[in-house]
Amino acid sequence: MNIFRFILTKPRPWGVSLLVLSGGLLAIGGAVGWSGLVPIAASAGHWPITRWILQRAKERSVDTHSLGIQPPPLTGTSLIRKGAAHYETGCRPCHGAPGSDRPRIALAMMPPPPDLSLRTTSWEPQHLFYIVKHGIKFTGMPSWPSPGRDDEVWALVAFLQQLPELDSRAYEKLAQGSDAGAGTAPTQPSLAAPALGLDSGLLASCNRCHGRDGLSRHDEAFPRIAGQQPAYLRGALRGYATGQRPSGIMGPVASALDYEQLTALAIHFSQLEATVVRVQNDSSLAIERGRNIAMFGIASQRVPACVECHGLAEGPRNPAYPRLAGQHADYLLLQLELFRDERRGGSKYSHLMRFVAGRLTREQAEEVANYFASLPWQGFNESPP
C-alpha cells in the first residue's frame with residue numbers, strides 16, 4: 001500500500017507515477033510467481049481472462065506474421081491426398097478425425113488440441129500455413145520437422161481446407177487410399193516380409209501411401225518404389241532418418257526405424273514385381289524434347305544425358321541411383337526443384353544432381369519429367385546384395 005500512497009498523496013509528473021506503479025506491479029507479480037503459488041497443472045485449467053488473452057494474442061500474432069504469404073493453388077487431388085496421408089499419422093493422434101473422437105489423452109492437454117474439422121474454416125490458407133510450419137508456443141503444437149519443405153506444409157493445408165466437408169468414409173478414402181490393382185500386372189509376393197519378420201503394422205503404415213504393390217496407390221501424390229534397387233531404398237530411408245534428405249513426412253517415420261527394419265523394408269519393396277501395364281501414350285513435341293534431354297543431354301547448358309546414370313528399362317549404372325522410367329511426373333519435377341534449391345540430399349551423389357537441376361529451365365525440367373513418366377514402370381527385381 002505504501003507504493004499507492006506514494007503515488008496518490010504527492011503530486012508529481014504522471015510519467016514518474018506510472019513508472020513507479022509499473023515497477024510495483026512487476027515486483028508483486030514476480031514475488032507471486034517466485035512463491036510457487038501460481039498453479040501450472042494442466043488439470044487446473046486457465047482463468048477465463050487468461051484464455052481470452054492467449055486466444056486473442058494467438059490470432060493477432062498469426063494474422064500479423066502471415067502477411068505476405070501467398071498460397072499456391074490448393075485444389076489438386078494429389079496434393080490433398082498427400083496431406084491426408086500425413087494427417088492420419090501426424091495429426092489424428094491429437095486432433096481426431098471424422099468419425100472418431102479426439103483421444104482422451106489429448107483432451108487432457110492444456111490447452112486441448114482443437115477439433116480441426118470445426119476450426120479450420122476460421123483461418124485463411126496463409127494462416128494455416130504459418131501455424132503448421134511454425135507451431136504454437138505453450139501448446140503441444142510442434143513446428144514442421146523440416147523447415148525447408150514448404151511443399152509438404154502446403155499439402156497439409158490443402159487437406160485441412162477440405163476436412164470440414166468430409167464424413168468418416170470420405171476421410172478414410174483420402175487417408176488410407178485403395179490397393180485396387182487396375183493398370184498393373186499381378187503382384188508377386190515379397191520374400192522379405194516373412195523371412196525378416198517385418199512387423200505387419202509397420203508394413204501397413206508404408207502400404208497406406210505406397211500401396212501393397214509399391215506403386216503408390218496408383219496416385220501421383222506418392223512415388224513408386226516397387227522394384228527400386230535395395231541400395232537406393234536403403235540410402236533414401238537413411239537420408240530421411242538422419243535429416244540429410246529433409247522431409248517432415250518421411251523423416252519422423254524413418255527415424256523410428258532400427259537398422260534391421262530399414263534394411264528389411266528396402267529389400268521387401270525392391271522384390272515387388274508389379275509392372276504398370278497402362279502407359280501414357282503421348283507423342284507430343286514436349287515429350288520428344290524431354291526424350292532428347294534424357295537421351296543426349298544439353299551440351300550448351302552442360303547438362304549430361306539422364307540415362308547415363310539412371311538408365312531406362314535395363315536399369316541404372318549405379319545401384320544407389322533411382323529408376324526414373326515410369327515414375328510420376330509431378331514427383332520427378334518436385335525432386336528436380338528440391339535439388340535445384342539445395343533442399344534435397346541424403347546420398348554422396350546429391351551434389352551431382354544439384355548441378356544438373358540448376359542448369360535446367362522450368363520448361364525443360366517439366367519436359368524431361370513428363371518423358372520419363374510416359375515410359376512403362378518395370379522394377380529391377382534383382383536379388384538383394
# chains A, B, ... in the order shown; residues from 1 in each chain; ligands from 1
call {"tool": "residues_around", "arguments": {"residues": "Gly99 of chain A", "least_positions_apart": "3", "cutoff": "9 Å", "atoms": "only C-alpha atoms", "output": "ChimeraX atom specification"}}
result
/A:96,167-169,171
call {"tool": "closest_atom_pairs", "arguments": {"of": "segment 118-226 of chain A", "to": "segment 72-78 of chain A", "cutoff": "9 Å", "atoms": "only C-alpha atoms", "output": "JSON lines"}}
result
{"residue": "A:Pro125", "atom": "CA", "partner": "A:Leu74", "partner_atom": "CA", "distance": 8.9}
{"residue": "A:Trp154", "atom": "CA", "partner": "A:Leu74", "partner_atom": "CA", "distance": 7.5}
{"residue": "A:Ala155", "atom": "CA", "partner": "A:Leu74", "partner_atom": "CA", "distance": 7.6}
{"residue": "A:Val157", "atom": "CA", "partner": "A:Leu74", "partner_atom": "CA", "distance": 7.9}
{"residue": "A:Ala158", "atom": "CA", "partner": "A:Leu74", "partner_atom": "CA", "distance": 5.1}
{"residue": "A:Phe159", "atom": "CA", "partner": "A:Leu74", "partner_atom": "CA", "distance": 8.5}
{"residue": "A:Gln161", "atom": "CA", "partner": "A:Leu74", "partner_atom": "CA", "distance": 8.7}
{"residue": "A:Asp219", "atom": "CA", "partner": "A:Ser78", "partner_atom": "CA", "distance": 6.9}
{"residue": "A:Glu220", "atom": "CA", "partner": "A:Ser78", "partner_atom": "CA", "distance": 5.9}
{"residue": "A:Ala221", "atom": "CA", "partner": "A:Ser78", "partner_atom": "CA", "distance": 4.5}
{"residue": "A:Phe222", "atom": "CA", "partner": "A:Ser78", "partner_atom": "CA", "distance": 8.3}
call {"tool": "write_last_selection", "arguments": {"atoms": "C-alpha atoms", "output": "CSV table (one decimal), in the first residue's frame"}}
result
chain,number,residue,atom,x,y,z
A,125,PRO,CA,-4.8,-20.7,-46.0
A,154,TRP,CA,1.0,-26.7,-48.3
A,155,ALA,CA,-0.1,-30.3,-48.9
A,157,VAL,CA,-3.0,-27.0,-45.7
A,158,ALA,CA,-4.8,-28.2,-48.8
A,159,PHE,CA,-6.2,-31.2,-46.9
A,161,GLN,CA,-9.3,-26.9,-46.1
A,219,ASP,CA,-1.8,-41.9,-57.1
A,220,GLU,CA,0.7,-39.2,-58.1
A,221,ALA,CA,0.8,-38.0,-54.5
A,222,PHE,CA,3.4,-40.7,-53.7
call {"tool": "select_by_dssp", "arguments": {"residues": "segment 203-240 of chain A", "states": "alpha helix (DSSP H)", "output": "count of residues only"}}
result
19
call {"tool": "atom_distance", "arguments": {"atom1": "atom CA of Pro246 of chain A", "atom2": "atom CA of Phe339 of chain A"}}
result
11.3 Å
call {"tool": "residues_around", "arguments": {"residues": "Ala286 of chain A", "least_positions_apart": "4", "cutoff": "10 Å", "atoms": "only C-alpha atoms", "output": "PyMOL selection string"}}
result
chain A and resi 282+290-292+363-364+366-368+370-371
call {"tool": "closest_residue", "arguments": {"among": "A:Arg56, A:Arg208, A:Arg119, A:Arg81", "to": "His95 of chain A", "atoms": "only C-alpha atoms"}}
result
A:Arg119
call {"tool": "atom_distance", "arguments": {"atom1": "atom CA of Glu273 of chain A", "atom2": "atom CA of Ala84 of chain A"}}
result
27.5 Å
call {"tool": "atom_distance", "arguments": {"atom1": "atom CA of Gly345 of chain A", "atom2": "atom CA of Ala236 of chain A"}}
result
9.2 Å
call {"tool": "residues_around", "arguments": {"residues": "segment 238-245 of chain A", "least_positions_apart": "6", "cutoff": "6 Å", "atoms": "only C-alpha atoms", "output": "number ranges by chain"}}
result
A: 251, 254-255, 344-346
call {"tool": "residues_around", "arguments": {"residues": "His65 of chain A", "least_positions_apart": "4", "cutoff": "10 Å", "atoms": "only C-alpha atoms", "output": "PyMOL selection string"}}
result
chain A and resi 60-61+69+126-127+130-131
call {"tool": "write_last_selection", "arguments": {"atoms": "all heavy atoms", "output": "PDB file, in the first residue's frame"}}
result
ATOM      1  N   ARG A  60      -3.925 -12.566 -33.300  1.00  0.00           N
ATOM      2  CA  ARG A  60      -3.255 -11.390 -33.824  1.00  0.00           C
ATOM      3  C   ARG A  60      -1.843 -11.729 -34.311  1.00  0.00           C
ATOM      4  O   ARG A  60      -1.383 -11.205 -35.323  1.00  0.00           O
ATOM      5  CB  ARG A  60      -3.183 -10.290 -32.749  1.00  0.00           C
ATOM      6  CG  ARG A  60      -4.526  -9.723 -32.329  1.00  0.00           C
ATOM      7  CD  ARG A  60      -5.289  -9.175 -33.518  1.00  0.00           C
ATOM      8  NE  ARG A  60      -4.486  -8.204 -34.238  1.00  0.00           N
ATOM      9  CZ  ARG A  60      -4.454  -8.088 -35.555  1.00  0.00           C
ATOM     10  NH1 ARG A  60      -5.171  -8.916 -36.298  1.00  0.00           N
ATOM     11  NH2 ARG A  60      -3.698  -7.171 -36.146  1.00  0.00           N
ATOM     12  N   SER A  61      -1.152 -12.600 -33.583  1.00  0.00           N
ATOM     13  CA  SER A  61       0.202 -12.975 -33.988  1.00  0.00           C
ATOM     14  C   SER A  61       0.190 -13.707 -35.324  1.00  0.00           C
ATOM     15  O   SER A  61       0.991 -13.407 -36.221  1.00  0.00           O
ATOM     16  CB  SER A  61       0.842 -13.854 -32.909  1.00  0.00           C
ATOM     17  OG  SER A  61       2.123 -14.276 -33.307  1.00  0.00           O
ATOM     18  N   ILE A  69       2.389 -13.970 -47.156  1.00  0.00           N
ATOM     19  CA  ILE A  69       2.425 -15.368 -47.597  1.00  0.00           C
ATOM     20  C   ILE A  69       1.387 -15.550 -48.697  1.00  0.00           C
ATOM     21  O   ILE A  69       0.197 -15.279 -48.497  1.00  0.00           O
ATOM     22  CB  ILE A  69       2.140 -16.325 -46.418  1.00  0.00           C
ATOM     23  CG1 ILE A  69       3.230 -16.197 -45.358  1.00  0.00           C
ATOM     24  CG2 ILE A  69       2.038 -17.769 -46.914  1.00  0.00           C
ATOM     25  CD1 ILE A  69       2.968 -17.057 -44.112  1.00  0.00           C
ATOM     26  N   GLN A 126      -3.152 -18.966 -45.670  1.00  0.00           N
ATOM     27  CA  GLN A 126      -1.856 -18.464 -45.207  1.00  0.00           C
ATOM     28  C   GLN A 126      -1.725 -18.552 -43.692  1.00  0.00           C
ATOM     29  O   GLN A 126      -0.627 -18.745 -43.159  1.00  0.00           O
ATOM     30  CB  GLN A 126      -1.626 -17.028 -45.683  1.00  0.00           C
ATOM     31  CG  GLN A 126      -2.595 -15.996 -45.133  1.00  0.00           C
ATOM     32  CD  GLN A 126      -3.816 -15.829 -46.027  1.00  0.00           C
ATOM     33  OE1 GLN A 126      -4.159 -16.732 -46.782  1.00  0.00           O
ATOM     34  NE2 GLN A 126      -4.438 -14.662 -45.953  1.00  0.00           N
ATOM     35  N   HIS A 127      -2.842 -18.446 -42.975  1.00  0.00           N
ATOM     36  CA  HIS A 127      -2.823 -18.610 -41.520  1.00  0.00           C
ATOM     37  C   HIS A 127      -2.501 -20.052 -41.151  1.00  0.00           C
ATOM     38  O   HIS A 127      -1.667 -20.317 -40.272  1.00  0.00           O
ATOM     39  CB  HIS A 127      -4.175 -18.226 -40.921  1.00  0.00           C
ATOM     40  CG  HIS A 127      -4.560 -16.799 -41.138  1.00  0.00           C
ATOM     41  ND1 HIS A 127      -5.878 -16.388 -41.223  1.00  0.00           N
ATOM     42  CD2 HIS A 127      -3.804 -15.685 -41.323  1.00  0.00           C
ATOM     43  CE1 HIS A 127      -5.919 -15.079 -41.411  1.00  0.00           C
ATOM     44  NE2 HIS A 127      -4.671 -14.631 -41.486  1.00  0.00           N
ATOM     45  N   TYR A 130       1.162 -20.839 -41.730  1.00  0.00           N
ATOM     46  CA  TYR A 130       2.040 -20.316 -40.683  1.00  0.00           C
ATOM     47  C   TYR A 130       1.973 -21.187 -39.432  1.00  0.00           C
ATOM     48  O   TYR A 130       3.007 -21.499 -38.823  1.00  0.00           O
ATOM     49  CB  TYR A 130       1.659 -18.875 -40.347  1.00  0.00           C
ATOM     50  CG  TYR A 130       2.541 -18.266 -39.281  1.00  0.00           C
ATOM     51  CD1 TYR A 130       3.796 -17.761 -39.606  1.00  0.00           C
ATOM     52  CD2 TYR A 130       2.140 -18.235 -37.949  1.00  0.00           C
ATOM     53  CE1 TYR A 130       4.624 -17.218 -38.630  1.00  0.00           C
ATOM     54  CE2 TYR A 130       2.953 -17.697 -36.969  1.00  0.00           C
ATOM     55  CZ  TYR A 130       4.196 -17.194 -37.317  1.00  0.00           C
ATOM     56  OH  TYR A 130       5.012 -16.684 -36.344  1.00  0.00           O
ATOM     57  N   ILE A 131       0.777 -21.600 -39.045  1.00  0.00           N
ATOM     58  CA  ILE A 131       0.622 -22.419 -37.843  1.00  0.00           C
ATOM     59  C   ILE A 131       1.281 -23.781 -38.018  1.00  0.00           C
ATOM     60  O   ILE A 131       2.015 -24.258 -37.145  1.00  0.00           O
ATOM     61  CB  ILE A 131      -0.866 -22.582 -37.498  1.00  0.00           C
ATOM     62  CG1 ILE A 131      -1.464 -21.236 -37.071  1.00  0.00           C
ATOM     63  CG2 ILE A 131      -1.056 -23.611 -36.386  1.00  0.00           C
ATOM     64  CD1 ILE A 131      -2.978 -21.257 -36.904  1.00  0.00           C
TER      65      ILE A 131
END
call {"tool": "closest_residue", "arguments": {"among": "A:Leu107, A:Leu198, A:Leu116, A:Met141", "to": "Leu160 of chain A", "atoms": "only C-alpha atoms"}}
result
A:Leu116
call {"tool": "residues_around", "arguments": {"residues": "His86 of chain A", "least_positions_apart": "3", "cutoff": "10 Å", "atoms": "only C-alpha atoms", "output": "short mmCIF file (atom, residue, chain, number, x, y, z; two decimals) with all heavy atoms, in the first residue's frame"}}
result
data_model
loop_
_atom_site.label_atom_id
_atom_site.label_comp_id
_atom_site.auth_asym_id
_atom_site.auth_seq_id
_atom_site.Cartn_x
_atom_site.Cartn_y
_atom_site.Cartn_z
N ARG A 81 -4.46 -35.49 -51.18
CA ARG A 81 -4.24 -36.86 -50.71
C ARG A 81 -2.92 -36.98 -49.94
O ARG A 81 -2.83 -37.71 -48.96
CB ARG A 81 -4.26 -37.82 -51.89
CG ARG A 81 -5.65 -38.05 -52.46
CD ARG A 81 -5.61 -38.91 -53.70
NE ARG A 81 -6.95 -39.19 -54.19
CZ ARG A 81 -7.22 -39.70 -55.37
NH1 ARG A 81 -6.22 -39.98 -56.20
NH2 ARG A 81 -8.47 -39.92 -55.75
N LYS A 82 -1.90 -36.27 -50.40
CA LYS A 82 -0.64 -36.30 -49.66
C LYS A 82 -0.83 -35.72 -48.27
O LYS A 82 -0.34 -36.27 -47.27
CB LYS A 82 0.43 -35.49 -50.42
CG LYS A 82 1.80 -35.53 -49.75
CD LYS A 82 2.78 -34.59 -50.43
CE LYS A 82 3.12 -35.03 -51.82
NZ LYS A 82 4.20 -34.19 -52.43
N GLY A 83 -1.55 -34.60 -48.18
CA GLY A 83 -1.82 -34.01 -46.88
C GLY A 83 -2.66 -34.92 -46.00
O GLY A 83 -2.42 -35.02 -44.79
N THR A 89 -1.24 -39.87 -39.80
CA THR A 89 -0.12 -40.27 -38.95
C THR A 89 0.28 -39.19 -37.96
O THR A 89 0.49 -39.47 -36.78
CB THR A 89 1.11 -40.62 -39.82
OG1 THR A 89 0.76 -41.66 -40.72
CG2 THR A 89 2.28 -41.07 -38.95
N GLY A 90 0.36 -37.95 -38.44
CA GLY A 90 0.94 -36.90 -37.61
C GLY A 90 -0.03 -36.03 -36.85
O GLY A 90 0.35 -35.39 -35.86
N CYS A 91 -1.29 -35.98 -37.27
CA CYS A 91 -2.25 -35.04 -36.67
C CYS A 91 -3.41 -35.73 -35.96
O CYS A 91 -3.90 -35.23 -34.94
CB CYS A 91 -2.80 -34.10 -37.74
SG CYS A 91 -1.54 -33.26 -38.71
N ARG A 92 -3.88 -36.83 -36.52
CA ARG A 92 -5.04 -37.51 -35.93
C ARG A 92 -4.85 -37.91 -34.47
O ARG A 92 -5.81 -37.83 -33.69
CB ARG A 92 -5.38 -38.74 -36.76
CG ARG A 92 -6.60 -39.50 -36.25
CD ARG A 92 -7.01 -40.62 -37.19
NE ARG A 92 -8.20 -41.30 -36.72
CZ ARG A 92 -8.90 -42.15 -37.45
NH1 ARG A 92 -8.54 -42.40 -38.69
NH2 ARG A 92 -9.96 -42.74 -36.95
N GLU A 152 5.45 -29.64 -48.54
CA GLU A 152 4.74 -30.59 -47.67
C GLU A 152 3.74 -29.86 -46.78
O GLU A 152 2.63 -30.36 -46.54
CB GLU A 152 5.74 -31.37 -46.81
CG GLU A 152 6.67 -32.26 -47.61
CD GLU A 152 7.66 -32.99 -46.73
OE1 GLU A 152 7.99 -32.48 -45.63
OE2 GLU A 152 8.12 -34.08 -47.13
N ALA A 155 0.69 -29.07 -48.70
CA ALA A 155 -0.14 -30.27 -48.91
C ALA A 155 -1.07 -30.48 -47.72
O ALA A 155 -2.26 -30.80 -47.89
CB ALA A 155 0.76 -31.49 -49.12
N LEU A 156 -0.55 -30.31 -46.51
CA LEU A 156 -1.39 -30.48 -45.33
C LEU A 156 -2.45 -29.37 -45.27
O LEU A 156 -3.60 -29.62 -44.91
CB LEU A 156 -0.53 -30.47 -44.07
CG LEU A 156 -1.26 -30.77 -42.76
CD1 LEU A 156 -2.02 -32.07 -42.83
CD2 LEU A 156 -0.28 -30.79 -41.59
N PHE A 159 -5.30 -30.20 -47.52
CA PHE A 159 -6.21 -31.18 -46.91
C PHE A 159 -7.06 -30.54 -45.82
O PHE A 159 -8.27 -30.81 -45.73
CB PHE A 159 -5.42 -32.35 -46.33
CG PHE A 159 -6.28 -33.23 -45.46
CD1 PHE A 159 -7.23 -34.06 -46.02
CD2 PHE A 159 -6.14 -33.19 -44.08
CE1 PHE A 159 -8.04 -34.85 -45.21
CE2 PHE A 159 -6.94 -33.98 -43.27
CZ PHE A 159 -7.91 -34.81 -43.84
N ALA A 175 -7.28 -40.72 -46.67
CA ALA A 175 -6.13 -41.00 -45.80
C ALA A 175 -5.55 -42.39 -46.02
O ALA A 175 -4.33 -42.58 -45.94
CB ALA A 175 -6.53 -40.83 -44.33
N CYS A 209 0.54 -45.35 -48.05
CA CYS A 209 0.89 -44.35 -49.07
C CYS A 209 1.42 -44.99 -50.34
O CYS A 209 1.07 -44.58 -51.45
CB CYS A 209 1.94 -43.39 -48.51
SG CYS A 209 1.35 -42.32 -47.19
N GLY A 248 9.36 -33.54 -43.64
CA GLY A 248 8.57 -33.59 -42.43
C GLY A 248 7.59 -34.74 -42.42
O GLY A 248 6.98 -35.02 -41.38
N ILE A 249 7.40 -35.40 -43.55
CA ILE A 249 6.51 -36.56 -43.64
C ILE A 249 7.29 -37.85 -43.43
O ILE A 249 6.96 -38.66 -42.57
CB ILE A 249 5.78 -36.58 -45.00
CG1 ILE A 249 4.86 -35.35 -45.11
CG2 ILE A 249 4.99 -37.86 -45.17
CD1 ILE A 249 4.18 -35.21 -46.45
N MET A 250 8.35 -38.05 -44.20
CA MET A 250 9.12 -39.29 -44.11
C MET A 250 10.13 -39.28 -42.97
O MET A 250 10.48 -40.34 -42.44
CB MET A 250 9.84 -39.54 -45.43
CG MET A 250 8.99 -40.13 -46.52
SD MET A 250 8.30 -41.76 -46.08
CE MET A 250 9.79 -42.69 -45.75
#
